[in-house]
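Engineer: Pasting a structure here, questions to come.
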Amino acid sequence: MSELSKAEFPHLAGLLLRTTRRLWLQSVLNLLFRSAWWSGGLVFTAGLVHGLGVPLSWRYSLLLALAPAGIAAVVGLLFRRPTPEQTAAQLDKRLGSRELMVSALAQGRLPPNRRAGAARFVLRQAEQTAESAGGGREILRRNPAAMSTLIPLGLGVAGLILHLNVGLERFPPSGVSGPGTDGRTAVATVAGAPDAAIRDLKRSLVQIASSMSMEQRRPARRAGSLPSTAPSVGAVIDNAVADRRTALQPKTGSGRSRSFDGRTVSEGSDEAGSGVPGSMKAGETQSTDLSIEFTDIERRTQSGAAKEGHALSNTGQVSEFKDPSESDALAPGERVALPYQMSFGPALRGYVRAYFSQTQQDK
Amino acid sequence: MNATPELNESQIQQFAESVDRLKSALADVIVGQDTVISGLVVAVIAGGHVLLEGMPGLGKTNLAKALAKCMGKDLARIQCTPDLMPSDITGSEILVHSDVAGSQQFEFRPGPVFSSMVLVDEINRATPKTQAALLEAMQEQQVTYAGRRHPLPLPFWVLATQNPIEFEGTYPLPEAQLDRFLVKILVPFPSADALGTLVDRTLDFEPVDSVEAVLSPGRIEEMMAMVRNVVIAPEVIRAAVKLVLSTHADMPESGALVREHFRYGASPRALQSLLRTARVHALSERRGHVALDDLLAGALPALRHRILLTIESELGGVRIDEVLGQVITECLRQE
């Protein structure tokens, strides 16, 4: 509050109050602009980390980036309210009134019998100046920090690009080695296999399969149609992923299968755009099919990555599931969409792409 | 603070007109020295003593004479020489015979200092002892002689002049005495145009002789009282304090320039001088409050004689006005 009597100095008190609010808002905005450096830096750093092979969710990165802005807003609102003296000094600067406002404020706060001889004259001048100044809207016109915000904004956008991998597929993958003994390129022979990313993928797949198994198998177990010793889908996928040479072999054709622990893991192609679907086909008891598809999200073609020889996708969804032991619940061939999303980091995608390039050459 | 007489718009207007009238009258006598005249008028209205420094023949003495006449005040002149004694300034007691009783008694005979305005010409030619005799008069407006105090007429101004180029037979004023002067005004050499005008006006007669009072009796006292009613905002006082502190090399407010060149900074009395001259400056510009520009206008005259340069800077030919000017500008620009 200006502490000036509104009844005695209506224009001056009003102008001081309005200007205080505007300066306060400006101060908060300036803090937010400054915090943009932190936010942009955080998003960019998260993007770099994501790009270096530690997959991070862009949503969490964005939330993290909002933290500095939140702190800045709170600090600004709580501690940056300008004092009446600061407001008066700013008014003097903007209006060119040569310390008239600070002088008037100092005198206006005193009781009339303690004011200096020229106080009334000064206060009257200040009132006239305040009246002619109007709303004082010019206070918010200057914002020196606004332009410099473009840099952190650019950093943030760059970080998001790294996160979402827009266009990064065009960059060549790391180098590849020669073909494997099975006539195809073994995954392990492709240089730069990202062990950490593969472990993460495995963990994600197991989680998906486990939860899927719990949800969908429970009724079947209760009905007694599913032996308690039957391997869960999660276990199958776990096994498949454990052997990364196979689990991460995306398809280059369709319907290729391999066996693991007496079960079959087939790598087939489903719909383009579905990412990494996993499905079980009806009629295959004691076996589970895991379909992995990589989609060229840039081209969005129906044929997907298989024909193009590319394996590019930033998200994957285990889209279809069929447990043959639950034939009473699901018709043969019927597919059930799974509501899970899985992120592939750039390192893993680069690796898969390298694999495809190599297998294409092998052909 | 007690209730003070109100200062209205018309009074402020009249004040500014009086100042303009005074300056104009002095400008007719002293040609091409508008800055000097302005500084002198401001200092006199602020009630301070003035030290005028300049080469011989620039009209310092005439300026003082003209000012006294314009204000309608009596002027006493003391020409300082090395053999000038303190009692020549302050006065002395003489033995007086009483015709009636036939008794004898000492009676104080006031010296030239008992005048409203005292022109102390070439003050640095007087010995330190004589210079010191002025100290009490300048600060306390009184003379103590033989244990008795003799008050001086108020208002009381000392206008001292000194020649900056002569060193032989001179006694530079000590810092304590310099500090008593509200301002030190440098009288520059006039321009060619001003010299031409000077010849026209002063070749055949002395214009000081024809000067008449432009202020009514008691007007200067009224003006001095009005000045005390000018508002000084706390922000302006803070700026003045910061400026004074920034002239001290050992203060955190000081900059690299001050630490390099200044040995001693301005005294607290400098702060008073700054604000007093700023008030007059504000009022003469028809404002009831002091602005930072008023501080800026009076800072150099108020501070330049209160600051000592380091020996190295003095030997290096550093001019106090150049360094101090930068310090003042930088300090007040930050406000």
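Every chain in the structure tokens takes a letter, A first, then B, and so on in the order presented; its residues are numbered from 1, and the ligands are numbered from 1 following the presented order.
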With a cut-off of 12 Å, could you pull out the residues of chain B touching chain A and give me the nearest pair of atoms for each, distance in Å to one decimal, using only C-alpha atoms, ordered by chain and ascending number, as a tab-separated table?
Structural biologist:
```
residue	atom	partner	partner_atom	distance
B:Met1	CA	A:Arg114	CA	5.7
B:Asn2	CA	A:Arg114	CA	5.8
B:Ala3	CA	A:Asn113	CA	5.0
B:Thr4	CA	A:Gly117	CA	5.2
B:Pro5	CA	A:Gly117	CA	5.3
B:Glu6	CA	A:Gly117	CA	4.1
B:Leu7	CA	A:Ala118	CA	4.7
B:Asn8	CA	A:Phe121	CA	6.0
B:Glu9	CA	A:Phe121	CA	6.5
B:Ser10	CA	A:Phe121	CA	10.1
B:Gln11	CA	A:Ala118	CA	10.0
B:Ile12	CA	A:Ala118	CA	8.9
B:Gln13	CA	A:Phe121	CA	11.7
B:Ala225	CA	A:Gly117	CA	10.3
B:Met226	CA	A:Gly117	CA	8.1
B:Val227	CA	A:Ala118	CA	9.3
B:Arg228	CA	A:Gly117	CA	8.1
B:Asn229	CA	A:Gly117	CA	4.5
B:Val230	CA	A:Ala118	CA	5.4
B:Val231	CA	A:Ala116	CA	6.1
B:Ile232	CA	A:Ser103	CA	6.5
B:Ala233	CA	A:Ser103	CA	4.5
B:Pro234	CA	A:Ala106	CA	7.3
B:Glu235	CA	A:Val102	CA	7.2
B:Val236	CA	A:Glu99	CA	7.9
B:Ile237	CA	A:Ser103	CA	10.8
B:Ala239	CA	A:Glu99	CA	11.6
B:Arg279	CA	A:Ala118	CA	11.2
B:Ala282	CA	A:Arg98	CA	10.5
B:Leu283	CA	A:Ala118	CA	9.8
B:Glu285	CA	A:Arg98	CA	11.9
B:Arg286	CA	A:Phe121	CA	10.5
B:Arg287	CA	A:Val122	CA	7.7
B:Gly288	CA	A:Ala118	CA	5.2
B:His289	CA	A:Ser103	CA	6.5
B:Val290	CA	A:Glu99	CA	7.3
B:Ala291	CA	A:Glu99	CA	5.2
B:Leu292	CA	A:Arg98	CA	7.1
B:Asp293	CA	A:Arg98	CA	7.7
B:Asp294	CA	A:Arg98	CA	9.6
B:Leu295	CA	A:Arg98	CA	11.6
B:Arg333	CA	A:Lys93	CA	11.8
B:Glu335	CA	A:Ala89	CA	9.4
```
Engineer: Which residues are close to Leu152 (chain B), i.e. within 7 Å by only C-alpha atoms, leaving aside same-chain residues fewer than 4 positions away? Reply as a PyMOL selection string.
Structural biologist: chain B and resi 114+141-142
Engineer: With a distance cut-off of 7 Å and only C-alpha atoms, select the neighbouring residues of Thr247 (chain B), excluding the residue or stretch itself and same-chain residues fewer than 5 positions from it, and output the selection as a list in words.
Structural biologist: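 Surrounding residues, per the criterion: Ser254, Val258, Gly265 and Ala266 of chain B.
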Engineer: Save out the residues we just selected, all heavy atoms, as an mmCIF file, in the first residue's frame.
Structural biologist:
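That gives us selection_39.cif:
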```cif
data_model
loop_
_atom_site.group_PDB
_atom_site.id
_atom_site.type_symbol
_atom_site.label_atom_id
_atom_site.label_comp_id
_atom_site.auth_asym_id
_atom_site.auth_seq_id
_atom_site.Cartn_x
_atom_site.Cartn_y
_atom_site.Cartn_z
ATOM 1 N N SER B 254 33.323 3.368 -2.477
ATOM 2 C CA SER B 254 34.282 4.010 -3.380
ATOM 3 C C SER B 254 34.629 3.084 -4.539
ATOM 4 O O SER B 254 34.617 1.862 -4.414
ATOM 5 C CB SER B 254 35.541 4.376 -2.615
ATOM 6 O OG SER B 254 36.171 3.207 -2.149
ATOM 7 N N VAL B 258 38.656 6.360 -7.101
ATOM 8 C CA VAL B 258 38.856 6.990 -5.792
ATOM 9 C C VAL B 258 40.003 6.317 -5.053
ATOM 10 O O VAL B 258 40.863 6.989 -4.470
ATOM 11 C CB VAL B 258 37.554 6.909 -4.961
ATOM 12 C CG1 VAL B 258 37.805 7.321 -3.520
ATOM 13 C CG2 VAL B 258 36.489 7.788 -5.582
ATOM 14 N N GLY B 265 38.763 11.813 1.878
ATOM 15 C CA GLY B 265 37.491 12.125 1.240
ATOM 16 C C GLY B 265 36.792 13.302 1.896
ATOM 17 O O GLY B 265 37.323 13.948 2.804
ATOM 18 N N ALA B 266 35.592 13.549 1.434
ATOM 19 C CA ALA B 266 34.820 14.702 1.914
ATOM 20 C C ALA B 266 34.312 14.463 3.333
ATOM 21 O O ALA B 266 34.029 13.335 3.735
ATOM 22 C CB ALA B 266 33.645 14.945 0.981
#
```
Engineer: Glu330 (chain B): which residues within 12 Å, counting only C-alpha atoms, same-chain residues fewer than 3 positions away excluded, as JSON, numbers by chain?
Structural biologist: {"B": [239, 242, 243, 246, 247, 253, 254, 255, 256, 257, 258, 296, 323, 324, 325, 326, 327, 333, 334, 335]}
Engineer: Fewer than 4 positions away in the same chain doesn't count, so skip those; otherwise give me all residues within 6 Å of region 158-174 of chain B, counting only C-alpha atoms, as a list in words.
Structural biologist: His49, Val50, Leu51, Leu52, Glu53, Gly54, Met55, Met117, Val118, Leu119, Val120, Asp121, Glu122, Ile123, Asn124 and Arg125 of chain B
Engineer: Take the residues that were just selected and, keeping N, CA and C atoms, output them as a PDB file, in the first residue's frame.
Structural biologist:
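Just written: result.pdb:
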```
ATOM      1  N   HIS B  49      29.984  30.270   3.304  1.00  0.00           N
ATOM      2  CA  HIS B  49      31.158  31.053   2.913  1.00  0.00           C
ATOM      3  C   HIS B  49      31.703  30.530   1.592  1.00  0.00           C
ATOM      4  N   VAL B  50      32.307  31.438   0.850  1.00  0.00           N
ATOM      5  CA  VAL B  50      32.733  31.076  -0.509  1.00  0.00           C
ATOM      6  C   VAL B  50      34.225  31.338  -0.672  1.00  0.00           C
ATOM      7  N   LEU B  51      34.896  30.358  -1.261  1.00  0.00           N
ATOM      8  CA  LEU B  51      36.299  30.535  -1.614  1.00  0.00           C
ATOM      9  C   LEU B  51      36.380  30.648  -3.131  1.00  0.00           C
ATOM     10  N   LEU B  52      36.841  31.811  -3.585  1.00  0.00           N
ATOM     11  CA  LEU B  52      36.963  32.035  -5.027  1.00  0.00           C
ATOM     12  C   LEU B  52      38.426  31.866  -5.409  1.00  0.00           C
ATOM     13  N   GLU B  53      38.679  31.025  -6.358  1.00  0.00           N
ATOM     14  CA  GLU B  53      40.061  30.796  -6.763  1.00  0.00           C
ATOM     15  C   GLU B  53      40.209  31.104  -8.241  1.00  0.00           C
ATOM     16  N   GLY B  54      41.166  31.919  -8.542  1.00  0.00           N
ATOM     17  CA  GLY B  54      41.381  32.258  -9.947  1.00  0.00           C
ATOM     18  C   GLY B  54      42.591  33.155 -10.090  1.00  0.00           C
ATOM     19  N   MET B  55      42.963  33.329 -11.336  1.00  0.00           N
ATOM     20  CA  MET B  55      44.129  34.166 -11.645  1.00  0.00           C
ATOM     21  C   MET B  55      43.826  35.625 -11.285  1.00  0.00           C
ATOM     22  N   MET B 117      29.178  41.049   5.195  1.00  0.00           N
ATOM     23  CA  MET B 117      29.958  40.341   4.176  1.00  0.00           C
ATOM     24  C   MET B 117      31.404  40.787   4.274  1.00  0.00           C
ATOM     25  N   VAL B 118      32.301  39.823   4.392  1.00  0.00           N
ATOM     26  CA  VAL B 118      33.719  40.141   4.524  1.00  0.00           C
ATOM     27  C   VAL B 118      34.452  39.568   3.325  1.00  0.00           C
ATOM     28  N   LEU B 119      35.124  40.436   2.620  1.00  0.00           N
ATOM     29  CA  LEU B 119      35.931  39.968   1.500  1.00  0.00           C
ATOM     30  C   LEU B 119      37.363  39.810   1.992  1.00  0.00           C
ATOM     31  N   VAL B 120      37.819  38.583   2.053  1.00  0.00           N
ATOM     32  CA  VAL B 120      39.191  38.304   2.488  1.00  0.00           C
ATOM     33  C   VAL B 120      40.000  38.054   1.227  1.00  0.00           C
ATOM     34  N   ASP B 121      40.688  39.101   0.807  1.00  0.00           N
ATOM     35  CA  ASP B 121      41.399  39.018  -0.469  1.00  0.00           C
ATOM     36  C   ASP B 121      42.735  38.311  -0.284  1.00  0.00           C
ATOM     37  N   GLU B 122      43.013  37.404  -1.193  1.00  0.00           N
ATOM     38  CA  GLU B 122      44.260  36.626  -1.174  1.00  0.00           C
ATOM     39  C   GLU B 122      44.500  36.021   0.206  1.00  0.00           C
ATOM     40  N   ILE B 123      43.560  35.244   0.619  1.00  0.00           N
ATOM     41  CA  ILE B 123      43.569  34.677   1.976  1.00  0.00           C
ATOM     42  C   ILE B 123      44.806  33.816   2.229  1.00  0.00           C
ATOM     43  N   ASN B 124      45.336  33.232   1.168  1.00  0.00           N
ATOM     44  CA  ASN B 124      46.498  32.362   1.377  1.00  0.00           C
ATOM     45  C   ASN B 124      47.801  33.131   1.569  1.00  0.00           C
ATOM     46  N   ARG B 125      47.704  34.454   1.555  1.00  0.00           N
ATOM     47  CA  ARG B 125      48.903  35.230   1.870  1.00  0.00           C
ATOM     48  C   ARG B 125      49.006  35.500   3.378  1.00  0.00           C
TER      49      ARG B 125
END
```
Engineer: Ranking B:Pro268, B:Pro155, B:Pro207, B:Gly316 by minimum distance to Ile45 (chain B) and counting only C-alpha atoms, which one comes first?
Structural biologist: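 Checking each of B:Pro268, B:Pro155, B:Pro207, B:Gly316 against Ile45 (chain B), counting only C-alpha atoms, the winner is B:Pro155.
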Engineer: Just the strand (DSSP E) stuff from region 16-214 of chain B, please, per backbone DSSP, written as a PDB file with N, CA and C atoms, in the first residue's frame.
Structural biologist:
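selection.pdb, written as the output of this step:
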```
ATOM      1  N   HIS B  49      29.984  30.270   3.304  1.00  0.00           N
ATOM      2  CA  HIS B  49      31.158  31.053   2.913  1.00  0.00           C
ATOM      3  C   HIS B  49      31.703  30.530   1.592  1.00  0.00           C
ATOM      4  N   VAL B  50      32.307  31.438   0.850  1.00  0.00           N
ATOM      5  CA  VAL B  50      32.733  31.076  -0.509  1.00  0.00           C
ATOM      6  C   VAL B  50      34.225  31.338  -0.672  1.00  0.00           C
ATOM      7  N   LEU B  51      34.896  30.358  -1.261  1.00  0.00           N
ATOM      8  CA  LEU B  51      36.299  30.535  -1.614  1.00  0.00           C
ATOM      9  C   LEU B  51      36.380  30.648  -3.131  1.00  0.00           C
ATOM     10  N   LEU B  52      36.841  31.811  -3.585  1.00  0.00           N
ATOM     11  CA  LEU B  52      36.963  32.035  -5.027  1.00  0.00           C
ATOM     12  C   LEU B  52      38.426  31.866  -5.409  1.00  0.00           C
ATOM     13  N   GLU B  53      38.679  31.025  -6.358  1.00  0.00           N
ATOM     14  CA  GLU B  53      40.061  30.796  -6.763  1.00  0.00           C
ATOM     15  C   GLU B  53      40.209  31.104  -8.241  1.00  0.00           C
ATOM     16  N   GLY B  54      41.166  31.919  -8.542  1.00  0.00           N
ATOM     17  CA  GLY B  54      41.381  32.258  -9.947  1.00  0.00           C
ATOM     18  C   GLY B  54      42.591  33.155 -10.090  1.00  0.00           C
ATOM     19  N   LEU B  75      29.967  45.686   3.047  1.00  0.00           N
ATOM     20  CA  LEU B  75      31.084  44.801   2.747  1.00  0.00           C
ATOM     21  C   LEU B  75      32.344  45.347   3.388  1.00  0.00           C
ATOM     22  N   ALA B  76      33.063  44.487   4.099  1.00  0.00           N
ATOM     23  CA  ALA B  76      34.365  44.871   4.640  1.00  0.00           C
ATOM     24  C   ALA B  76      35.422  44.086   3.893  1.00  0.00           C
ATOM     25  N   ARG B  77      36.518  44.767   3.596  1.00  0.00           N
ATOM     26  CA  ARG B  77      37.545  44.094   2.825  1.00  0.00           C
ATOM     27  C   ARG B  77      38.819  43.973   3.646  1.00  0.00           C
ATOM     28  N   ILE B  78      39.381  42.792   3.621  1.00  0.00           N
ATOM     29  CA  ILE B  78      40.651  42.549   4.302  1.00  0.00           C
ATOM     30  C   ILE B  78      41.635  42.084   3.248  1.00  0.00           C
ATOM     31  N   GLN B  79      42.684  42.833   3.069  1.00  0.00           N
ATOM     32  CA  GLN B  79      43.723  42.423   2.123  1.00  0.00           C
ATOM     33  C   GLN B  79      44.787  41.674   2.914  1.00  0.00           C
ATOM     34  N   GLY B  91      39.506  42.542  15.474  1.00  0.00           N
ATOM     35  CA  GLY B  91      39.380  43.727  16.319  1.00  0.00           C
ATOM     36  C   GLY B  91      40.207  43.522  17.575  1.00  0.00           C
ATOM     37  N   SER B  92      40.285  44.530  18.364  1.00  0.00           N
ATOM     38  CA  SER B  92      41.090  44.405  19.584  1.00  0.00           C
ATOM     39  C   SER B  92      40.551  45.361  20.662  1.00  0.00           C
ATOM     40  N   GLU B  93      41.077  45.198  21.860  1.00  0.00           N
ATOM     41  CA  GLU B  93      40.669  46.082  22.956  1.00  0.00           C
ATOM     42  C   GLU B  93      41.665  47.228  23.062  1.00  0.00           C
ATOM     43  N   ILE B  94      41.111  48.370  23.247  1.00  0.00           N
ATOM     44  CA  ILE B  94      41.986  49.530  23.424  1.00  0.00           C
ATOM     45  C   ILE B  94      41.648  50.190  24.769  1.00  0.00           C
ATOM     46  N   LEU B  95      42.637  50.902  25.264  1.00  0.00           N
ATOM     47  CA  LEU B  95      42.447  51.561  26.554  1.00  0.00           C
ATOM     48  C   LEU B  95      41.727  52.900  26.321  1.00  0.00           C
ATOM     49  N   VAL B  96      40.606  53.042  26.988  1.00  0.00           N
ATOM     50  CA  VAL B  96      39.778  54.231  26.768  1.00  0.00           C
ATOM     51  C   VAL B  96      39.740  55.053  28.067  1.00  0.00           C
ATOM     52  N   HIS B  97      39.994  56.361  27.935  1.00  0.00           N
ATOM     53  CA  HIS B  97      39.923  57.259  29.090  1.00  0.00           C
ATOM     54  C   HIS B  97      38.503  57.784  29.223  1.00  0.00           C
ATOM     55  N   GLN B 104      40.106  54.726  33.453  1.00  0.00           N
ATOM     56  CA  GLN B 104      40.503  54.105  32.186  1.00  0.00           C
ATOM     57  C   GLN B 104      39.930  52.684  32.130  1.00  0.00           C
ATOM     58  N   GLN B 105      39.528  52.317  30.962  1.00  0.00           N
ATOM     59  CA  GLN B 105      39.040  50.930  30.822  1.00  0.00           C
ATOM     60  C   GLN B 105      39.259  50.452  29.378  1.00  0.00           C
ATOM     61  N   PHE B 106      39.357  49.109  29.286  1.00  0.00           N
ATOM     62  CA  PHE B 106      39.539  48.514  27.956  1.00  0.00           C
ATOM     63  C   PHE B 106      38.189  48.408  27.259  1.00  0.00           C
ATOM     64  N   GLU B 107      38.220  48.765  26.010  1.00  0.00           N
ATOM     65  CA  GLU B 107      36.978  48.685  25.236  1.00  0.00           C
ATOM     66  C   GLU B 107      37.268  47.952  23.923  1.00  0.00           C
ATOM     67  N   PHE B 108      36.382  47.023  23.582  1.00  0.00           N
ATOM     68  CA  PHE B 108      36.588  46.228  22.364  1.00  0.00           C
ATOM     69  C   PHE B 108      36.204  47.038  21.135  1.00  0.00           C
ATOM     70  N   ARG B 109      37.153  47.149  20.245  1.00  0.00           N
ATOM     71  CA  ARG B 109      36.893  47.826  18.970  1.00  0.00           C
ATOM     72  C   ARG B 109      36.776  46.764  17.880  1.00  0.00           C
ATOM     73  N   PRO B 110      35.589  46.538  17.335  1.00  0.00           N
ATOM     74  CA  PRO B 110      35.407  45.467  16.347  1.00  0.00           C
ATOM     75  C   PRO B 110      36.269  45.683  15.110  1.00  0.00           C
ATOM     76  N   MET B 117      29.178  41.049   5.195  1.00  0.00           N
ATOM     77  CA  MET B 117      29.958  40.341   4.176  1.00  0.00           C
ATOM     78  C   MET B 117      31.404  40.787   4.274  1.00  0.00           C
ATOM     79  N   VAL B 118      32.301  39.823   4.392  1.00  0.00           N
ATOM     80  CA  VAL B 118      33.719  40.141   4.524  1.00  0.00           C
ATOM     81  C   VAL B 118      34.452  39.568   3.325  1.00  0.00           C
ATOM     82  N   LEU B 119      35.124  40.436   2.620  1.00  0.00           N
ATOM     83  CA  LEU B 119      35.931  39.968   1.500  1.00  0.00           C
ATOM     84  C   LEU B 119      37.363  39.810   1.992  1.00  0.00           C
ATOM     85  N   VAL B 120      37.819  38.583   2.053  1.00  0.00           N
ATOM     86  CA  VAL B 120      39.191  38.304   2.488  1.00  0.00           C
ATOM     87  C   VAL B 120      40.000  38.054   1.227  1.00  0.00           C
ATOM     88  N   ASP B 121      40.688  39.101   0.807  1.00  0.00           N
ATOM     89  CA  ASP B 121      41.399  39.018  -0.469  1.00  0.00           C
ATOM     90  C   ASP B 121      42.735  38.311  -0.284  1.00  0.00           C
ATOM     91  N   GLN B 142      30.914  34.353  15.596  1.00  0.00           N
ATOM     92  CA  GLN B 142      31.249  35.134  16.789  1.00  0.00           C
ATOM     93  C   GLN B 142      32.768  35.275  16.870  1.00  0.00           C
ATOM     94  N   VAL B 143      33.192  36.252  17.655  1.00  0.00           N
ATOM     95  CA  VAL B 143      34.627  36.450  17.905  1.00  0.00           C
ATOM     96  C   VAL B 143      34.821  36.440  19.409  1.00  0.00           C
ATOM     97  N   THR B 144      35.769  35.670  19.860  1.00  0.00           N
ATOM     98  CA  THR B 144      36.082  35.669  21.288  1.00  0.00           C
ATOM     99  C   THR B 144      37.392  36.421  21.482  1.00  0.00           C
ATOM    100  N   TYR B 145      37.299  37.473  22.256  1.00  0.00           N
ATOM    101  CA  TYR B 145      38.501  38.274  22.488  1.00  0.00           C
ATOM    102  C   TYR B 145      38.602  38.550  23.980  1.00  0.00           C
ATOM    103  N   ARG B 148      35.914  37.224  26.130  1.00  0.00           N
ATOM    104  CA  ARG B 148      34.526  37.660  25.934  1.00  0.00           C
ATOM    105  C   ARG B 148      34.078  37.382  24.498  1.00  0.00           C
ATOM    106  N   ARG B 149      32.837  36.949  24.391  1.00  0.00           N
ATOM    107  CA  ARG B 149      32.313  36.622  23.062  1.00  0.00           C
ATOM    108  C   ARG B 149      31.614  37.827  22.466  1.00  0.00           C
ATOM    109  N   HIS B 150      31.902  38.036  21.207  1.00  0.00           N
ATOM    110  CA  HIS B 150      31.268  39.149  20.499  1.00  0.00           C
ATOM    111  C   HIS B 150      30.560  38.597  19.273  1.00  0.00           C
ATOM    112  N   PRO B 151      29.243  38.537  19.276  1.00  0.00           N
ATOM    113  CA  PRO B 151      28.529  37.960  18.119  1.00  0.00           C
ATOM    114  C   PRO B 151      28.646  38.849  16.886  1.00  0.00           C
ATOM    115  N   TRP B 157      28.741  36.411   5.905  1.00  0.00           N
ATOM    116  CA  TRP B 157      29.403  35.653   4.817  1.00  0.00           C
ATOM    117  C   TRP B 157      30.871  36.047   4.744  1.00  0.00           C
ATOM    118  N   VAL B 158      31.692  35.078   4.498  1.00  0.00           N
ATOM    119  CA  VAL B 158      33.091  35.344   4.171  1.00  0.00           C
ATOM    120  C   VAL B 158      33.303  34.958   2.715  1.00  0.00           C
ATOM    121  N   LEU B 159      33.736  35.923   1.947  1.00  0.00           N
ATOM    122  CA  LEU B 159      34.108  35.618   0.555  1.00  0.00           C
ATOM    123  C   LEU B 159      35.615  35.766   0.474  1.00  0.00           C
ATOM    124  N   ALA B 160      36.288  34.679   0.320  1.00  0.00           N
ATOM    125  CA  ALA B 160      37.750  34.718   0.280  1.00  0.00           C
ATOM    126  C   ALA B 160      38.223  34.446  -1.139  1.00  0.00           C
ATOM    127  N   THR B 161      39.292  35.089  -1.489  1.00  0.00           N
ATOM    128  CA  THR B 161      39.863  34.819  -2.817  1.00  0.00           C
ATOM    129  C   THR B 161      41.278  34.301  -2.631  1.00  0.00           C
ATOM    130  N   GLN B 162      41.713  33.511  -3.576  1.00  0.00           N
ATOM    131  CA  GLN B 162      43.113  33.094  -3.555  1.00  0.00           C
ATOM    132  C   GLN B 162      43.591  32.856  -4.977  1.00  0.00           C
ATOM    133  N   PHE B 181      34.440  26.483   4.253  1.00  0.00           N
ATOM    134  CA  PHE B 181      33.839  27.119   3.073  1.00  0.00           C
ATOM    135  C   PHE B 181      32.779  26.194   2.485  1.00  0.00           C
ATOM    136  N   LEU B 182      31.617  26.765   2.270  1.00  0.00           N
ATOM    137  CA  LEU B 182      30.524  25.960   1.709  1.00  0.00           C
ATOM    138  C   LEU B 182      30.899  25.462   0.320  1.00  0.00           C
ATOM    139  N   VAL B 183      31.452  26.360  -0.455  1.00  0.00           N
ATOM    140  CA  VAL B 183      31.853  25.980  -1.822  1.00  0.00           C
ATOM    141  C   VAL B 183      33.190  26.626  -2.170  1.00  0.00           C
ATOM    142  N   LYS B 184      33.840  25.974  -3.099  1.00  0.00           N
ATOM    143  CA  LYS B 184      35.031  26.593  -3.691  1.00  0.00           C
ATOM    144  C   LYS B 184      34.735  26.755  -5.175  1.00  0.00           C
ATOM    145  N   ILE B 185      34.751  28.008  -5.608  1.00  0.00           N
ATOM    146  CA  ILE B 185      34.384  28.292  -6.996  1.00  0.00           C
ATOM    147  C   ILE B 185      35.633  28.691  -7.764  1.00  0.00           C
ATOM    148  N   LEU B 186      35.849  28.020  -8.870  1.00  0.00           N
ATOM    149  CA  LEU B 186      36.993  28.364  -9.712  1.00  0.00           C
ATOM    150  C   LEU B 186      36.561  29.430 -10.710  1.00  0.00           C
ATOM    151  N   VAL B 187      37.360  30.456 -10.799  1.00  0.00           N
ATOM    152  CA  VAL B 187      37.042  31.540 -11.737  1.00  0.00           C
ATOM    153  C   VAL B 187      37.887  31.329 -12.986  1.00  0.00           C
TER     154      VAL B 187
END
```
Engineer: Have a look at CA of Met71 (chain B) and CA of Gly32 (chain B) and let me know their distance in Å, one decimal.
Structural biologist: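 Answer for the CA of Met71 (chain B) to CA of Gly32 (chain B) separation: 20.8 Å.
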Engineer: Taking the DSSP secondary structure from the backbone, can you list the residues of region 42-289 of chain B that are helix (DSSP H, G or I), as a PyMOL selection string?
Structural biologist: chain B and resi 42-45+60-71+86-90+123-125+128-140+175-178+192-202+207-210+219-227+234-245+256-261+268-284
Engineer: Could you check how far CA of Leu154 (chain B) sits from CA of Glu140 (chain B), in Å to one decimal?
Structural biologist: 10.9 Å
Engineer: When you draw a straight line from CA of Ser27 (chain A) to CA of Ile328 (chain B), how long is it in Å?
Structural biologist: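 Separation of CA of Ser27 (chain A) and CA of Ile328 (chain B): 29.6 Å.
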Engineer: Which residue gives the smallest distance to Thr19 (chain A) among A:Ala67, A:Leu155, A:Ala130, A:Leu56, with only C-alpha atoms counted?
Structural biologist: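 Among the listed residues, A:Ala130 lies closest to Thr19 (chain A).
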